[in-house]
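In what follows, a single structure is set out as structure tokens and then discussed.
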Amino acid sequence: MKQYTAKNIFNIALAGHSGSGKTSLAEAMLYLCGGSDRLGKVSDGNTVLDFDAEEIKRKTSVQTCVAPLEWKNKKINIIDAPGLFDFEGGLYEAARAADSVLITVSGKSGVSVGTEKAVKAADKRGLTKIFFVNGLCDESSRFYRVFESLKASFGPSVCPVVVPYIVDGQADCYVNLLEYKAYKYIDGKINVVPLPDMGDRLEGLRTAICEAVAETSDEMFEKYFSGEDFTPEEIIVGVSQGVKNGSISPVFCGDALLTYGVEQLLNGLIWLAPNAEDKAGELAVDLDGEPVELSVNEDAAAAAVVFKTVADPFVGKLSYFKVISGKVGPDTQLINMRTGASEKISKVMTAKGKKLDDAPYIGAGDIGAAAKLSANTGDTLCAPVRKVILDGVDYPQPSLSMAVAPKNKGEEDKVAQGILKLSEEDPTIKYENNHETHQMIISGMGEQHLDVIVSKLKSKYGIDVVLSKPKVAYRETIRKSVKVQGRYKKQTGGHGQFGDVWIEFEPCGSESMEFAERVVGGAVPKGFFPAVEKGLRDSIAKGPLAGYPVVGLKATLYDGSYHPVDSSEMSFKTAASLAYKDGMPKADPVLLEPVGNLKTVVPGDNMGDIMGEITKRRGRVLGMNQADDNMQEIEAEVPQAEMSDFSTFVRQCTQGRGYFTFTFERYEETPRNIAEKVISEAAQ
């Protein structure tokens, strides 16, 4: 593929609800442009973009994938994002590299949660939104119903450009409202046909276009609502400028599986969508935190952002990057602004699915890849002469955590290393080793996400693992004071062992144990105080009820006795532990459970269901706040033990719209029935 300048490069993210046909549309575009010699199908597992073994097996996208194509001397970089919510991180990767977002919408189901999420991701980065209503050759599709729902959901800026003429429930031809031409597919070939009589519907569609143009400027708004008609030139220029600046969202339609309407979409993209040069002026910050505007100029100092990483056990680490300014080629000297280290680039490549082709350089506004960099996703790579930091990728937080363990003992390190490698290419994967429960904890976006991780550990690294519900890190404490003696006496052949202490145990507000002494008269020499404290600190690691660490305990050494020959640090340490074992069961011990602060953001219609579920999970609702986009935030305190499957409930209840954060707050006494169950399980 030849080199293109920024004004001829279009970076388009493909997004939308799962099953709306994103990958099929990308295949149709590649096929029509000559980028692929066959029209691949997701169901057959032979598409250019869904090449990963997991994607072929599951027949759905699980990672972001890039493919460039050429259309009428323009280069379009397609960045195909997964539609499943469990792989939502891929949507934000695609949006970071794109200048526009092409959102596929099913002609049958219409606006879905995935549509809303794609629009939100585009709005967050200020990107142009373009809709493609797909699957119109299906008799159950309803384009005009879907179009009305798009306008109702996203406002008057939604503008029809290509619409179908429906005969017997199917699209008979496709009408370009800006060209005033109709196109029909006969034996798979596109033909210009006379404009059909669409009656009042045509006037309604032209009104929708005028409303969208009126939204582009105050001048146009005043003209339209004063009753004046727009000229054809004003409409065409208004739509073009409105799409480029993001104030108009054009709507195209067709059927990706049959490639119908895809030529019109490709023509519309290179005519209407902003090119890489149009999106010039990305802001970065310098080392002092001052804003710096970077121009899309190949002659400027290089600056690029890594938007995706692939960790392959054979090829190594592959970094996908977008060049914001300058050019990146072999031997280009770059600094990784996160680490401060130099990045050595031996060669740069363009990627088409899994196929990598060497390139002389990647210019400003273009997308490329390089192998064996130390950079992570979101890192800025820039020339040493101009050190700047670009925005990274803002990933959603994982919401489902499970304990992971190898099927074969002794492979714990291999599991940890494998997960860390996978988290390099998917930062929505989080891993921690919980030292309290002695479990490895893996967190992801949902059940399918974790299932893919398990499958990749097996296929990529040969590690079999099992997932289980994570243990809860309980605590124990006491509710009343006791005074007990700990006496250790052991006589052997030579010196014996003798230690004798009286200790008072009482509750306190400490997060661990407070040690004090008020020994008088030298009953216990000061030199043995540290040994007594050490014996107690070792003992509180296991409480008397279920073996959990003890907190909120004050231990005061107030009396005892010693032997001038047989007493030693070890004997007093042992005596202290005996006092602990004897005294703690008498001090009314109780089990404490971790309680966290839960903030759940859901649509207003789901408020009652979520609040009821929180109450069922022994939670306390603290209040409600208005969130963005007609969403409500519910704040509550909930025991951690009740949160393991909360993410699944929220997703099912809100159809994927809701999300939450959960942070540890404090420990509280566990209800008796729950405590009895925990204690009995610990005794097994």
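We name chains A, B, ... following the order of the structure tokens; residues begin at 1 in each chain, and ligands are numbered from 1 as shown.
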Taking a cut-off of 10 Å and counting only C-alpha atoms, can you build a table that, for each residue of stretch 80-186 of chain A near stretch 319-322 of chain A, reports the nearest atom pair and how far apart they are in Å (one decimal), sorted by chain then residue number, as CSV?
residue,atom,partner,partner_atom,distance
A:Arg96,CA,A:Lys322,CA,8.8
A:Ala97,CA,A:Lys322,CA,6.0
A:Ala98,CA,A:Lys322,CA,8.9
As a ChimeraX atom specification, please: every residue in stretch 225-348 of chain A that a backbone DSSP assignment puts in alpha helix (DSSP H). /A:225,232-245,262-272
Point out the residue among A:Trp271, A:Phe662, A:Phe51, A:Phe10 with the least atom-to-atom distance to A:Ser100, counting only C-alpha atoms. A:Phe10
Set out as CSV a contact list for stretch 528-644 of chain A and stretch 498-514 of chain A with a cut-off of 7 Å, giving each residue of stretch 528-644 of chain A that qualifies its closest atom pair and distance in Å to one decimal, counting only C-alpha atoms, ordered by chain and rising residue number.
residue,atom,partner,partner_atom,distance
A:Val550,CA,A:Ser512,CA,6.8
A:Val551,CA,A:Ser512,CA,4.3
A:Gly552,CA,A:Ser510,CA,4.6
A:Leu553,CA,A:Met513,CA,4.8
A:Lys554,CA,A:Glu514,CA,4.6
A:Ala555,CA,A:Phe505,CA,4.7
A:Thr556,CA,A:Glu504,CA,5.1
A:Leu557,CA,A:Ile503,CA,4.5
A:Tyr558,CA,A:Trp502,CA,6.0
A:Asp559,CA,A:Trp502,CA,4.9
A:Gly560,CA,A:Val501,CA,4.0
A:Ser561,CA,A:Asp500,CA,5.1
A:Tyr562,CA,A:Gly499,CA,5.8
A:His563,CA,A:Phe498,CA,6.4
A:Asp566,CA,A:Phe498,CA,5.4
A:Ser567,CA,A:Phe498,CA,4.7
A:Ser571,CA,A:Gly499,CA,5.0
A:Phe572,CA,A:Gly499,CA,4.6
A:Ala575,CA,A:Gly499,CA,5.7
A:Ala576,CA,A:Val501,CA,6.7
A:Ala579,CA,A:Ile503,CA,7.0
Among stretch 179-370 of chain A, which ones does DSSP place in strand (DSSP E), written as number ranges by chain? A: 181-186, 189-193, 249-253, 282-286, 291-294, 303-312, 316-325, 327-328, 333-336, 342-344, 348-352, 355-359, 362-363, 367-370
Using only C-alpha atoms, tabulate the residues of stretch 458-559 of chain A lying at most 10 Å from any atom of stretch 413-434 of chain A, each with its closest atom pair and that distance in Å to one decimal, by chain and increasing residue number, as JSON lines.
{"residue": "A:Lys458", "atom": "CA", "partner": "A:Gly418", "partner_atom": "CA", "distance": 9.5}
{"residue": "A:Lys460", "atom": "CA", "partner": "A:Gly418", "partner_atom": "CA", "distance": 8.5}
{"residue": "A:Tyr461", "atom": "CA", "partner": "A:Gly418", "partner_atom": "CA", "distance": 6.6}
{"residue": "A:Gly462", "atom": "CA", "partner": "A:Lys414", "partner_atom": "CA", "distance": 9.4}
{"residue": "A:Ile463", "atom": "CA", "partner": "A:Val415", "partner_atom": "CA", "distance": 6.8}
{"residue": "A:Asp464", "atom": "CA", "partner": "A:Val415", "partner_atom": "CA", "distance": 8.6}
{"residue": "A:Val465", "atom": "CA", "partner": "A:Val415", "partner_atom": "CA", "distance": 7.8}
{"residue": "A:Pro470", "atom": "CA", "partner": "A:Asn434", "partner_atom": "CA", "distance": 9.8}
{"residue": "A:Lys471", "atom": "CA", "partner": "A:Asn434", "partner_atom": "CA", "distance": 9.6}
{"residue": "A:Ala473", "atom": "CA", "partner": "A:Asn434", "partner_atom": "CA", "distance": 9.1}
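The shortest atom-to-atom distance to A:Lys129, with only C-alpha atoms taken into account, belongs to A:Phe154 out of A:Phe230, A:Phe154, A:Tyr488, A:Phe147.
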Could you give me, as a PyMOL selection string, the residues within 9 Å of stretch 635-652 of chain A, counting only C-alpha atoms and dropping anything in the same chain fewer than 3 positions from it? chain A and resi 399-402+445-447+469-472+593-602+610-611+613-615+617-625+655-660+662+664-665+667-668
